[in-house]
Structures are given as structure tokens and as C-alpha cells.
file target.cif (mmCIF, C-alpha atoms (C1' of nucleotides))
data_input
loop_
_atom_site.group_PDB
_atom_site.id
_atom_site.type_symbol
_atom_site.label_atom_id
_atom_site.label_comp_id
_atom_site.auth_asym_id
_atom_site.auth_seq_id
_atom_site.Cartn_x
_atom_site.Cartn_y
_atom_site.Cartn_z
ATOM 1 C CA MET H 1 154.470 -55.488 -30.634
ATOM 2 C CA ASN H 2 156.844 -58.359 -31.398
ATOM 3 C CA VAL H 3 155.733 -61.951 -31.416
ATOM 4 C CA GLY H 4 157.363 -62.708 -28.072
ATOM 5 C CA GLU H 5 155.354 -60.104 -26.206
ATOM 6 C CA ALA H 6 152.140 -61.001 -28.020
ATOM 7 C CA ALA H 7 152.650 -64.656 -27.212
ATOM 8 C CA ARG H 8 153.322 -63.849 -23.571
ATOM 9 C CA ARG H 9 150.138 -61.818 -23.316
ATOM 10 C CA ALA H 10 148.063 -64.506 -24.979
ATOM 11 C CA GLY H 11 149.601 -67.255 -22.878
ATOM 12 C CA LEU H 12 150.935 -69.162 -25.856
ATOM 13 C CA PRO H 13 154.386 -70.325 -26.958
ATOM 14 C CA VAL H 14 155.894 -68.291 -29.771
ATOM 15 C CA LYS H 15 156.062 -71.425 -31.889
ATOM 16 C CA THR H 16 152.338 -71.900 -31.538
ATOM 17 C CA VAL H 17 151.667 -68.317 -32.579
ATOM 18 C CA HIS H 18 153.760 -68.889 -35.684
ATOM 19 C CA TYR H 19 151.843 -72.048 -36.316
ATOM 20 C CA TYR H 20 148.506 -70.256 -36.000
ATOM 21 C CA GLU H 21 149.723 -67.775 -38.556
ATOM 22 C CA SER H 22 150.888 -70.525 -40.903
ATOM 23 C CA ILE H 23 147.403 -72.028 -40.923
ATOM 24 C CA GLY H 24 145.761 -68.677 -41.489
ATOM 25 C CA LEU H 25 144.232 -67.998 -38.080
ATOM 26 C CA VAL H 26 146.041 -64.706 -37.562
ATOM 27 C CA ALA H 27 147.813 -62.383 -39.996
ATOM 28 C CA PRO H 28 150.106 -59.891 -38.281
ATOM 29 C CA ALA H 29 151.618 -56.927 -40.106
ATOM 30 C CA ARG H 30 155.369 -56.776 -40.644
ATOM 31 C CA LYS H 31 157.800 -54.130 -39.577
ATOM 32 C CA SER H 32 160.500 -52.869 -41.918
ATOM 33 C CA ASN H 33 162.984 -55.324 -40.418
ATOM 34 C CA GLY H 34 160.710 -58.255 -41.214
ATOM 35 C CA TYR H 35 159.564 -58.781 -37.639
ATOM 36 C CA ARG H 36 155.892 -59.515 -37.089
ATOM 37 C CA ASP H 37 153.930 -56.651 -35.589
ATOM 38 C CA TYR H 38 150.970 -57.552 -33.372
ATOM 39 C CA ASP H 39 148.348 -55.038 -32.346
ATOM 40 C CA GLN H 40 145.786 -55.279 -29.564
ATOM 41 C CA THR H 41 143.184 -56.935 -31.781
ATOM 42 C CA LEU H 42 145.554 -59.685 -32.800
ATOM 43 C CA VAL H 43 146.640 -60.313 -29.228
ATOM 44 C CA HIS H 44 142.965 -60.589 -28.352
ATOM 45 C CA LYS H 45 142.472 -63.110 -31.084
ATOM 46 C CA LEU H 46 145.416 -65.145 -29.845
ATOM 47 C CA ALA H 47 144.058 -65.086 -26.302
ATOM 48 C CA PHE H 48 140.684 -66.176 -27.659
ATOM 49 C CA LEU H 49 142.379 -69.061 -29.419
ATOM 50 C CA GLN H 50 144.300 -70.017 -26.311
ATOM 51 C CA ARG H 51 141.144 -70.111 -24.227
ATOM 52 C CA ALA H 52 139.083 -71.968 -26.815
ATOM 53 C CA ARG H 53 141.821 -74.569 -27.329
ATOM 54 C CA SER H 54 142.130 -75.086 -23.598
ATOM 55 C CA LEU H 55 138.374 -75.669 -23.503
ATOM 56 C CA GLY H 56 138.850 -78.520 -25.926
ATOM 57 C CA PHE H 57 137.811 -76.917 -29.198
ATOM 58 C CA SER H 58 139.733 -78.166 -32.213
ATOM 59 C CA ILE H 59 141.539 -75.748 -34.481
ATOM 60 C CA ASP H 60 138.739 -76.087 -36.989
ATOM 61 C CA GLU H 61 136.154 -75.338 -34.354
ATOM 62 C CA CYS H 62 138.236 -72.379 -33.268
ATOM 63 C CA ARG H 63 138.180 -71.155 -36.822
ATOM 64 C CA GLY H 64 134.402 -71.312 -36.795
ATOM 65 C CA LEU H 65 134.205 -69.683 -33.379
ATOM 66 C CA LEU H 66 136.537 -66.917 -34.516
ATOM 67 C CA SER H 67 134.517 -66.114 -37.583
ATOM 68 C CA LEU H 68 131.384 -66.132 -35.438
ATOM 69 C CA TYR H 69 133.212 -63.845 -33.037
ATOM 70 C CA GLU H 70 134.236 -61.505 -35.817
ATOM 71 C CA ASP H 71 130.742 -61.400 -37.237
ATOM 72 C CA ARG H 72 129.058 -59.043 -34.828
ATOM 73 C CA ASP H 73 125.644 -59.809 -36.333
ATOM 74 C CA ARG H 74 125.566 -63.570 -35.881
ATOM 75 C CA ALA H 75 122.977 -65.187 -33.651
ATOM 76 C CA SER H 76 124.121 -66.407 -30.259
ATOM 77 C CA ARG H 77 122.182 -69.554 -31.128
ATOM 78 C CA ASP H 78 124.936 -70.583 -33.544
ATOM 79 C CA VAL H 79 127.623 -70.282 -30.938
ATOM 80 C CA LYS H 80 125.526 -72.101 -28.376
ATOM 81 C CA ALA H 81 124.995 -74.991 -30.774
ATOM 82 C CA ILE H 82 128.728 -75.427 -31.242
ATOM 83 C CA ALA H 83 129.324 -75.297 -27.506
ATOM 84 C CA GLU H 84 126.551 -77.802 -26.880
ATOM 85 C CA GLY H 85 128.015 -80.181 -29.424
ATOM 86 C CA LYS H 86 131.309 -79.874 -27.606
ATOM 87 C CA LEU H 87 129.609 -80.574 -24.305
ATOM 88 C CA ALA H 88 128.187 -83.772 -25.715
ATOM 89 C CA ASP H 89 131.657 -84.751 -26.939
ATOM 90 C CA ILE H 90 133.071 -84.173 -23.500
ATOM 91 C CA GLU H 91 130.337 -86.267 -21.945
ATOM 92 C CA ARG H 92 131.075 -89.093 -24.337
ATOM 93 C CA LYS H 93 134.769 -88.909 -23.548
ATOM 94 C CA ILE H 94 134.106 -88.950 -19.811
ATOM 95 C CA ALA H 95 131.811 -91.948 -20.164
ATOM 96 C CA ALA H 96 134.422 -93.825 -22.192
ATOM 97 C CA LEU H 97 137.118 -93.040 -19.661
ATOM 98 C CA ARG H 98 134.884 -94.198 -16.828
ATOM 99 C CA THR H 99 134.330 -97.526 -18.539
ATOM 100 C CA LEU H 100 138.050 -97.813 -19.025
ATOM 101 C CA HIS H 101 138.646 -96.945 -15.415
ATOM 102 C CA ALA H 102 136.186 -99.540 -14.195
ATOM 103 C CA THR H 103 137.713 -102.273 -16.329
ATOM 104 C CA LEU H 104 141.219 -101.436 -15.280
ATOM 105 C CA THR H 105 140.249 -101.106 -11.616
ATOM 106 C CA HIS H 106 138.687 -104.517 -11.751
ATOM 107 C CA LEU H 107 141.870 -105.914 -13.258
ATOM 108 C CA VAL H 108 144.158 -104.173 -10.793
ATOM 109 C CA ASP H 109 142.058 -105.382 -7.854
ATOM 110 C CA ALA H 110 142.188 -108.920 -9.121
ATOM 111 C CA CYS H 111 145.946 -108.866 -9.453
ATOM 112 C CA HIS H 112 147.785 -109.764 -6.258
ATOM 113 C CA GLY H 113 150.780 -107.722 -7.387
ATOM 114 C CA ASP H 114 153.568 -109.756 -5.850
ATOM 115 C CA ASP H 115 156.558 -111.806 -7.032
ATOM 116 C CA ARG H 116 154.483 -114.513 -8.558
ATOM 117 C CA PRO H 117 154.076 -114.487 -12.303
ATOM 118 C CA ASP H 118 150.400 -115.149 -12.694
ATOM 119 C CA CYS H 119 148.570 -111.940 -13.390
ATOM 120 C CA PRO H 120 144.902 -111.371 -14.225
ATOM 121 C CA ILE H 121 145.769 -108.166 -16.067
ATOM 122 C CA LEU H 122 147.874 -109.917 -18.654
ATOM 123 C CA ASP H 123 145.440 -112.800 -18.741
ATOM 124 C CA ASP H 124 142.695 -110.386 -19.671
ATOM 125 C CA LEU H 125 144.803 -108.673 -22.269
ATOM 126 C CA ALA H 126 145.557 -112.061 -23.733
ATOM 127 C CA GLY H 127 141.828 -112.692 -23.963
ATOM 128 C CA ALA H 128 141.691 -115.479 -21.419
ATOM 129 C CA ASP H 129 138.308 -115.151 -19.763
ATOM 130 C CA PRO H 130 137.461 -118.129 -17.626
ATOM 131 C CA GLY H 131 134.999 -120.411 -19.369
ATOM 132 C CA MET H 132 135.114 -118.604 -22.661
ATOM 133 C CA ASP H 133 137.336 -119.322 -25.560
ATOM 134 C CA ARG H 134 138.147 -116.468 -27.831
ATOM 135 C CA GLY H 135 140.793 -118.009 -30.096
ATOM 136 C CA MET C 1 147.352 -117.175 -42.296
ATOM 137 C CA ASN C 2 147.378 -114.011 -44.397
ATOM 138 C CA VAL C 3 147.320 -110.581 -42.868
ATOM 139 C CA GLY C 4 143.646 -110.025 -43.673
ATOM 140 C CA GLU C 5 142.494 -113.007 -41.685
ATOM 141 C CA ALA C 6 144.870 -112.273 -38.820
ATOM 142 C CA ALA C 7 143.659 -108.688 -38.673
ATOM 143 C CA ARG C 8 140.039 -109.795 -38.686
ATOM 144 C CA ARG C 9 140.644 -112.188 -35.806
ATOM 145 C CA ALA C 10 142.483 -109.578 -33.792
ATOM 146 C CA GLY C 11 139.869 -106.948 -34.497
ATOM 147 C CA LEU C 12 142.314 -104.584 -36.149
ATOM 148 C CA PRO C 13 142.531 -102.938 -39.571
ATOM 149 C CA VAL C 14 145.128 -104.484 -41.871
ATOM 150 C CA LYS C 15 146.893 -101.142 -42.075
ATOM 151 C CA THR C 16 147.295 -101.101 -38.327
ATOM 152 C CA VAL C 17 148.758 -104.592 -38.345
ATOM 153 C CA HIS C 18 151.278 -103.456 -40.949
ATOM 154 C CA TYR C 19 152.028 -100.461 -38.811
ATOM 155 C CA TYR C 20 152.606 -102.613 -35.735
ATOM 156 C CA GLU C 21 155.038 -104.658 -37.757
ATOM 157 C CA SER C 22 156.824 -101.546 -39.014
ATOM 158 C CA ILE C 23 157.484 -100.433 -35.442
ATOM 159 C CA GLY C 24 158.665 -103.849 -34.387
ATOM 160 C CA LEU C 25 155.747 -105.065 -32.299
ATOM 161 C CA VAL C 26 155.129 -108.190 -34.367
ATOM 162 C CA ALA C 27 157.314 -110.012 -36.859
ATOM 163 C CA PRO C 28 155.372 -112.431 -39.066
ATOM 164 C CA ALA C 29 157.086 -114.998 -41.279
ATOM 165 C CA ARG C 30 156.823 -114.693 -45.043
ATOM 166 C CA LYS C 31 155.487 -117.192 -47.510
ATOM 167 C CA SER C 32 157.299 -117.914 -50.756
ATOM 168 C CA ASN C 33 155.121 -115.381 -52.553
ATOM 169 C CA GLY C 34 156.138 -112.638 -50.139
ATOM 170 C CA TYR C 35 152.847 -112.627 -48.246
ATOM 171 C CA ARG C 36 153.021 -112.325 -44.477
ATOM 172 C CA ASP C 37 152.226 -115.524 -42.621
ATOM 173 C CA TYR C 38 150.611 -115.198 -39.196
ATOM 174 C CA ASP C 39 150.396 -118.062 -36.759
ATOM 175 C CA GLN C 40 148.215 -118.415 -33.673
ATOM 176 C CA THR C 41 150.793 -116.810 -31.405
ATOM 177 C CA LEU C 42 151.035 -113.728 -33.548
ATOM 178 C CA VAL C 43 147.269 -113.390 -33.789
ATOM 179 C CA HIS C 44 147.158 -113.623 -30.030
ATOM 180 C CA LYS C 45 149.735 -110.878 -29.777
ATOM 181 C CA LEU C 46 147.721 -108.690 -32.124
ATOM 182 C CA ALA C 47 144.569 -109.270 -30.085
ATOM 183 C CA PHE C 48 146.542 -108.420 -26.953
ATOM 184 C CA LEU C 49 147.631 -105.188 -28.586
ATOM 185 C CA GLN C 50 144.100 -104.390 -29.693
ATOM 186 C CA ARG C 51 142.773 -104.856 -26.193
ATOM 187 C CA ALA C 52 145.569 -102.953 -24.504
ATOM 188 C CA ARG C 53 145.263 -100.038 -26.935
ATOM 189 C CA SER C 54 141.518 -99.921 -26.393
ATOM 190 C CA LEU C 55 142.206 -99.746 -22.669
ATOM 191 C CA GLY C 56 144.195 -96.608 -23.274
ATOM 192 C CA PHE C 57 147.739 -97.932 -23.144
ATOM 193 C CA SER C 58 150.144 -96.164 -25.467
ATOM 194 C CA ILE C 59 152.177 -98.107 -27.987
ATOM 195 C CA ASP C 60 155.198 -97.778 -25.738
ATOM 196 C CA GLU C 61 153.254 -99.087 -22.781
ATOM 197 C CA CYS C 62 152.003 -101.917 -24.954
ATOM 198 C CA ARG C 63 155.582 -102.737 -25.779
ATOM 199 C CA GLY C 64 156.340 -102.980 -22.075
ATOM 200 C CA LEU C 65 153.205 -104.992 -21.406
ATOM 201 C CA LEU C 66 154.032 -107.359 -24.248
ATOM 202 C CA SER C 67 157.537 -108.041 -23.024
ATOM 203 C CA LEU C 68 156.121 -108.589 -19.557
ATOM 204 C CA TYR C 69 153.569 -110.906 -21.102
ATOM 205 C CA GLU C 70 156.250 -112.820 -22.973
ATOM 206 C CA ASP C 71 158.405 -113.145 -19.894
ATOM 207 C CA ARG C 72 156.613 -115.921 -18.051
ATOM 208 C CA ASP C 73 158.772 -115.340 -14.982
ATOM 209 C CA ARG C 74 158.039 -111.666 -14.357
ATOM 210 C CA ALA C 75 156.355 -110.554 -11.178
ATOM 211 C CA SER C 76 152.692 -109.592 -11.407
ATOM 212 C CA ARG C 77 153.736 -106.579 -9.317
ATOM 213 C CA ASP C 78 155.391 -105.038 -12.372
ATOM 214 C CA VAL C 79 152.282 -105.347 -14.459
ATOM 215 C CA LYS C 80 150.110 -104.031 -11.663
ATOM 216 C CA ALA C 81 152.325 -100.960 -11.305
ATOM 217 C CA ILE C 82 151.910 -100.088 -14.973
ATOM 218 C CA ALA C 83 148.161 -100.566 -14.780
ATOM 219 C CA GLU C 84 147.958 -98.419 -11.653
ATOM 220 C CA GLY C 85 149.890 -95.644 -13.323
ATOM 221 C CA LYS C 86 147.434 -95.829 -16.164
ATOM 222 C CA LEU C 87 144.530 -95.656 -13.744
ATOM 223 C CA ALA C 88 145.951 -92.459 -12.284
ATOM 224 C CA ASP C 89 146.291 -91.042 -15.801
ATOM 225 C CA ILE C 90 142.683 -91.838 -16.511
ATOM 226 C CA GLU C 91 141.589 -90.206 -13.286
ATOM 227 C CA ARG C 92 143.508 -87.061 -14.189
ATOM 228 C CA LYS C 93 141.935 -87.003 -17.625
ATOM 229 C CA ILE C 94 138.444 -87.431 -16.207
ATOM 230 C CA ALA C 95 139.029 -84.619 -13.719
ATOM 231 C CA ALA C 96 140.259 -82.310 -16.470
ATOM 232 C CA LEU C 97 137.266 -83.132 -18.636
ATOM 233 C CA ARG C 98 134.916 -82.514 -15.741
ATOM 234 C CA THR C 99 136.371 -79.050 -15.202
ATOM 235 C CA LEU C 100 135.993 -78.391 -18.892
ATOM 236 C CA HIS C 101 132.450 -79.619 -18.791
ATOM 237 C CA ALA C 102 131.551 -77.398 -15.860
ATOM 238 C CA THR C 103 133.009 -74.310 -17.504
ATOM 239 C CA LEU C 104 131.292 -74.968 -20.780
ATOM 240 C CA THR C 105 127.988 -75.816 -19.103
ATOM 241 C CA HIS C 106 128.130 -72.554 -17.263
ATOM 242 C CA LEU C 107 128.730 -70.711 -20.501
ATOM 243 C CA VAL C 108 126.004 -72.543 -22.385
ATOM 244 C CA ASP C 109 123.505 -71.893 -19.611
ATOM 245 C CA ALA C 110 124.332 -68.218 -19.632
ATOM 246 C CA CYS C 111 123.824 -67.921 -23.369
ATOM 247 C CA HIS C 112 120.223 -67.289 -24.362
ATOM 248 C CA GLY C 113 120.834 -68.907 -27.747
ATOM 249 C CA ASP C 114 118.538 -66.850 -29.904
ATOM 250 C CA ASP C 115 118.801 -64.462 -32.841
ATOM 251 C CA ARG C 116 120.489 -61.755 -30.853
ATOM 252 C CA PRO C 117 124.232 -61.364 -31.271
ATOM 253 C CA ASP C 118 125.345 -60.965 -27.693
ATOM 254 C CA CYS C 119 126.746 -64.206 -26.405
ATOM 255 C CA PRO C 120 128.420 -64.975 -23.086
ATOM 256 C CA ILE C 121 130.339 -67.844 -24.656
ATOM 257 C CA LEU C 122 132.206 -65.618 -27.055
ATOM 258 C CA ASP C 123 132.535 -62.953 -24.401
ATOM 259 C CA ASP C 124 134.280 -65.453 -22.198
ATOM 260 C CA LEU C 125 136.513 -66.679 -24.966
ATOM 261 C CA ALA C 126 137.412 -63.084 -25.695
ATOM 262 C CA GLY C 127 138.332 -62.647 -22.059
ATOM 263 C CA ALA C 128 135.681 -60.009 -21.429
ATOM 264 C CA ASP C 129 135.114 -60.025 -17.709
ATOM 265 C CA PRO C 130 132.318 -57.659 -16.750
ATOM 266 C CA GLY C 131 133.524 -54.255 -15.613
ATOM 267 C CA MET C 132 136.741 -54.412 -17.530
ATOM 268 C CA ASP C 133 137.458 -52.912 -20.880
ATOM 269 C CA ARG C 134 139.875 -54.671 -23.039
ATOM 270 C CA GLY C 135 140.082 -52.789 -26.292
ATOM 271 C "C1'" DC U 1 183.804 -50.264 -32.859
ATOM 272 C "C1'" DC U 2 183.039 -54.813 -31.081
ATOM 273 C "C1'" DT U 3 180.916 -58.230 -28.503
ATOM 274 C "C1'" DT U 4 177.309 -60.353 -25.975
ATOM 275 C "C1'" DG U 5 172.869 -61.938 -25.529
ATOM 276 C "C1'" DA U 6 168.091 -61.769 -26.236
ATOM 277 C "C1'" DC U 7 165.242 -61.609 -29.534
ATOM 278 C "C1'" DC U 8 163.596 -62.391 -34.394
ATOM 279 C "C1'" DC U 9 163.381 -64.835 -39.120
ATOM 280 C "C1'" DT U 10 162.631 -69.148 -42.380
ATOM 281 C "C1'" DC U 11 162.630 -73.800 -43.369
ATOM 282 C "C1'" DC U 12 162.768 -78.654 -42.369
ATOM 283 C "C1'" DA U 13 161.838 -82.639 -39.657
ATOM 284 C "C1'" DG U 14 159.707 -85.196 -35.951
ATOM 285 C "C1'" DT U 15 155.897 -86.512 -32.638
ATOM 286 C "C1'" DG U 16 151.807 -90.587 -32.006
ATOM 287 C "C1'" DA U 17 149.215 -93.769 -34.033
ATOM 288 C "C1'" DC U 18 147.588 -94.490 -37.572
ATOM 289 C "C1'" DT U 19 145.074 -93.812 -42.464
ATOM 290 C "C1'" DG U 20 144.761 -93.296 -47.480
ATOM 291 C "C1'" DG U 21 146.264 -93.966 -51.928
ATOM 292 C "C1'" DA U 22 149.244 -95.104 -55.953
ATOM 293 C "C1'" DG U 23 151.053 -98.605 -58.542
ATOM 294 C "C1'" DG U 24 151.829 -103.095 -58.921
ATOM 295 C "C1'" DG U 25 151.854 -108.517 -57.978
ATOM 296 C "C1'" DT U 26 149.191 -113.066 -56.624
ATOM 297 C "C1'" DG U 27 145.557 -116.535 -56.299
ATOM 298 C "C1'" DC U 28 141.422 -118.480 -57.510
ATOM 299 C "C1'" DA U 29 137.107 -118.895 -59.943
ATOM 300 C "C1'" DT U 30 134.782 -118.481 -64.324
ATOM 301 C "C1'" DA E 1 141.757 -114.698 -70.505
ATOM 302 C "C1'" DT E 2 139.291 -112.059 -67.299
ATOM 303 C "C1'" DG E 3 137.661 -110.417 -63.060
ATOM 304 C "C1'" DC E 4 138.050 -109.778 -58.441
ATOM 305 C "C1'" DA E 5 139.720 -110.002 -53.867
ATOM 306 C "C1'" DC E 6 143.571 -110.106 -51.781
ATOM 307 C "C1'" DC E 7 148.505 -109.058 -51.081
ATOM 308 C "C1'" DC E 8 152.939 -106.125 -51.524
ATOM 309 C "C1'" DT E 9 155.846 -101.528 -50.899
ATOM 310 C "C1'" DC E 10 156.388 -96.820 -50.519
ATOM 311 C "C1'" DC E 11 154.919 -92.134 -49.901
ATOM 312 C "C1'" DA E 12 152.051 -88.623 -48.046
ATOM 313 C "C1'" DG E 13 148.647 -86.814 -44.941
ATOM 314 C "C1'" DT E 14 146.302 -86.323 -40.403
ATOM 315 C "C1'" DC E 15 146.380 -83.073 -35.759
ATOM 316 C "C1'" DA E 16 148.442 -79.548 -33.281
ATOM 317 C "C1'" DC E 17 152.136 -78.533 -32.384
ATOM 318 C "C1'" DT E 18 157.506 -78.810 -31.074
ATOM 319 C "C1'" DG E 19 162.483 -78.751 -31.836
ATOM 320 C "C1'" DG E 20 166.400 -77.430 -34.173
ATOM 321 C "C1'" DA E 21 169.578 -75.532 -37.714
ATOM 322 C "C1'" DG E 22 171.341 -71.600 -39.598
ATOM 323 C "C1'" DG E 23 170.927 -67.306 -39.952
ATOM 324 C "C1'" DG E 24 169.532 -61.766 -39.134
ATOM 325 C "C1'" DT E 25 168.469 -57.661 -35.746
ATOM 326 C "C1'" DC E 26 168.765 -54.758 -31.793
ATOM 327 C "C1'" DA E 27 170.135 -52.583 -27.506
ATOM 328 C "C1'" DA E 28 173.536 -52.446 -23.871
ATOM 329 C "C1'" DG E 29 178.159 -52.596 -22.109
ATOM 330 C "C1'" DG E 30 183.161 -52.216 -22.595
#

call {"tool": "encode", "arguments": {"input": "target.cif", "output": "C-alpha cells"}}
result
Amino acid sequence: MNVGEAARRAGLPVKTVHYYESIGLVAPARKSNGYRDYDQTLVHKLAFLQRARSLGFSIDECRGLLSLYEDRDRASRDVKAIAEGKLADIERKIAALRTLHATLTHLVDACHGDDRPDCPILDDLAGADPGMDRG
Amino acid sequence: MNVGEAARRAGLPVKTVHYYESIGLVAPARKSNGYRDYDQTLVHKLAFLQRARSLGFSIDECRGLLSLYEDRDRASRDVKAIAEGKLADIERKIAALRTLHATLTHLVDACHGDDRPDCPILDDLAGADPGMDRG
DNA sequence: CCTTGACCCTCCAGTGACTGGAGGGTGCAT
DNA sequence: ATGCACCCTCCAGTCACTGGAGGGTCAAGG
């Protein structure tokens, strides 16, 4: 199967499939004309990658996950640990975004948003808290 | 003031301050020895940038915010609109992360996490829905 | 046989927002 | 004179792609 079809089945852009090959994640055979030749296993691997990436795993984590996946004797514990670490990451990111959201909401609410120039948002960015000097 | 001191006051790494200069966000004077010379205004600008970046504004958005900040006659409405757009972005990101979190939690819960090799997490990544053979 | 168009190839460069390092100059204290 | 912290410029690397140039291949239609 050519790269286009494999990419379509895995839900990835062709460019990305090439990229995954260039960093050693997949190694398709070549036909006599030089075209890459993907079999079912490779397409599976690409789909795996697509799914794992969309779940927020980095390429390096995907590499680990893939080798775990390929090793049919590994303990599920190892995979679970990686996934749990990722869960904690996601929780941290959500918490950080919530803080951000609260701060920005506060600022937006405080800003009258009209023609006048004075704006609490910029004042905050400039470090001008009332009663506190930050210079 | 040298770059080191300016960076310290703004809460940024020196490298980042150099970078901001290289992309035209700040333009410090130079002393006779070639060293950059930062005044209060510039330090303020750097601190503004630090804060805005930490609030999740991109460099391009910071550029817009800065020019708004420098234009003492702009309407607060313009600033508010940018901040509101950012708020929507943040909400989208949080929602996406929550979906991710739910999926991964589900997977982690389903995985017994012991010495045995069978693992719902990898099964999911491999696209193995129950009752369907995929190679 | 020729053309058209979709597909494929490789290689290079760019994205965003820095970060690290090499290789050298400056300023101040000892 | 030496040491050290600081400063300079320029280049390369990060992450995970993405875009494009400049070509080759293949099947269909005329």
C-alpha cells in the first residue's frame, strides 16, 4: 500500500507519516519504483501513533508506548504508570489554565470596554496594582 | 542598566530579553562599550511582556497589546476584545484537556496494572474494539 | 504516442518561543 | 596580572510537524 492510502487509513497527513519514518518510528518496505510499501501492521502502528498523539502523548512517550505495545510480554503495570503520569500532567495543565482563566476573567470584568482609554487589563500587565509598587 | 539587571527585574532570562529584542519587541540603547542599556521604560515593557506571556498571550498578541499599551488614546474596548478572545481560547483548551482526561481515566481504570501483559490502554491505542478483528 | 493529473520521491527551510553553547570582549577586584 | 562575572554575536537545537521546490511514476483518455 502506498503512503497516501496508509496515511488515510491512519488518519494522518502524508507529511506526518514521512516525518514519523524520518525519526525512526516506522520503517516501511520499498517497492521497485522507490515508493514506500505499507502493510497492515505498519498501518496499525500509524493509527496507534495517531491515537496516542491525540491523547497528548509526546513522540518520545509514543516511542515508549510502541515498544511496550510490541513487547507482548510486558506488564500492564508499566503502561498504566505512563498513562497515570500523563493524567497528572493533564491535571496540572488544567489547573494552570483555570488560574489563567480566573485572572483574565477578573481583568475583563473590571474593564468597562468602551471608548475611554483607561483599562485595568493593561494596568495589570504594566504591573500597576493599587497600593503596591513593583518598580 | 545592563541586560542582566533588566532581565532580573522583569523576571525573564537574559536570553529571552535578547530574543525579544531580536524580534523587535524592545530596542535598548547601547553604551560606548557595546553593552545594551535599559532604562525604566524598557524594564517596564519587559515586565509587561513577562506578565502577558505568562497569561498565555502569544508573542504576536503581546505585540498588539504593547502597541495598545503605548497608545494612550486607544479604547479599552480594543484591549477587552483581545482578552475575551483569549478567554475563549483558554476555555476551549480546558474543554479539550477535560475530554482527554476522561478518556485516559477510563483507560487507566480499566487496566489492572499488574504483571500480566493484557492492557486495555494499549488495546485502545491499537484501535481494538471488542468484537472486531483488526489483523 | 502524448498529455493530463494524481500520486510519489528527496531535500531544504520555516514555524513559535525560546535555549544552549562557542568564542570572544569588558569591568572590577585582588 | 589574574580571576571572575558579566557582556557581546552568531549558530544550532528543541518539538512536531508543515510547506514548497524540483523532480519521477503511473493509469487513463485522446

call {"tool": "resolve_selection", "arguments": {"input": "target.cif", "expression": "the PyMOL selection byres ((chain E) within 10 of (chain C))", "output": "ChimeraX atom specification"}}
result
/E:6-8

call {"tool": "closest_atom_pairs", "arguments": {"input": "target.cif", "of": "chain U", "to": "chain C", "cutoff": "9 Å", "atoms": "only C-alpha atoms (C1' of nucleotides)", "output": "CSV"}}
result
residue,atom,partner,partner_atom,distance
U:DG16,C1',C:Ile59,CA,8.5
U:DA17,C1',C:Ile59,CA,8.0
U:DC18,C1',C:Thr16,CA,6.7
U:DT19,C1',C:Lys15,CA,7.6
U:DT26,C1',C:Asn33,CA,7.6

call {"tool": "resolve_selection", "arguments": {"input": "target.cif", "expression": "the PyMOL selection byres ((chain H) within 7 of (chain C))", "output": "JSON, numbers by chain"}}
result
{"H": [44, 47, 48, 51, 52, 55, 69, 72, 73, 74, 75, 76, 77, 80, 83, 84, 87, 90, 94, 97, 100, 101, 104, 108, 111, 113, 114, 115, 116, 117, 118, 119, 122, 125, 126]}

call {"tool": "atom_distance", "arguments": {"input": "target.cif", "atom1": "atom CA of C:Val17", "atom2": "atom C1' of U:DG24"}}
result
20.9 Å

call {"tool": "closest_residue", "arguments": {"input": "target.cif", "among": "U:DT3, U:DT15, U:DT10, U:DT30", "to": "E:DA28", "atoms": "only C-alpha atoms (C1' of nucleotides)"}}
result
U:DT3

call {"tool": "resolve_selection", "arguments": {"input": "target.cif", "expression": "the PyMOL selection byres ((chain E and resi 13-25) around 7)", "output": "MDAnalysis selection string"}}
result
(chainID H and resid 16) or (chainID U and resid 8:9) or (chainID E and resid 12 26)

call {"tool": "atom_distance", "arguments": {"input": "target.cif", "atom1": "atom CA of C:Cys62", "atom2": "atom C1' of U:DA13"}}
result
26.2 Å

call {"tool": "atom_distance", "arguments": {"input": "target.cif", "atom1": "atom CA of H:Ala7", "atom2": "atom CA of H:Asp37"}}
result
11.7 Å

call {"tool": "closest_residue", "arguments": {"input": "target.cif", "among": "H:Arg92, H:Glu5, H:Thr41, H:Val14", "to": "H:Pro28", "atoms": "all atoms listed in the file"}}
result
H:Thr41

call {"tool": "axis_aligned_box", "arguments": {"input": "target.cif", "around": "stretch 21-31 of chain H", "padding_each_side": "3 Å", "output": "AutoDock Vina command-line options"}}
result
--center_x 151.0 --center_y -63.1 --center_z -39.5 --size_x 19.6 --size_y 23.9 --size_z 9.9

call {"tool": "residues_around", "arguments": {"input": "target.cif", "residues": "E:DC10", "least_positions_apart": "3", "cutoff": "12 Å", "atoms": "only C-alpha atoms (C1' of nucleotides)", "output": "list in words"}}
result
DG21, DA22, DG23 and DG24 of chain U
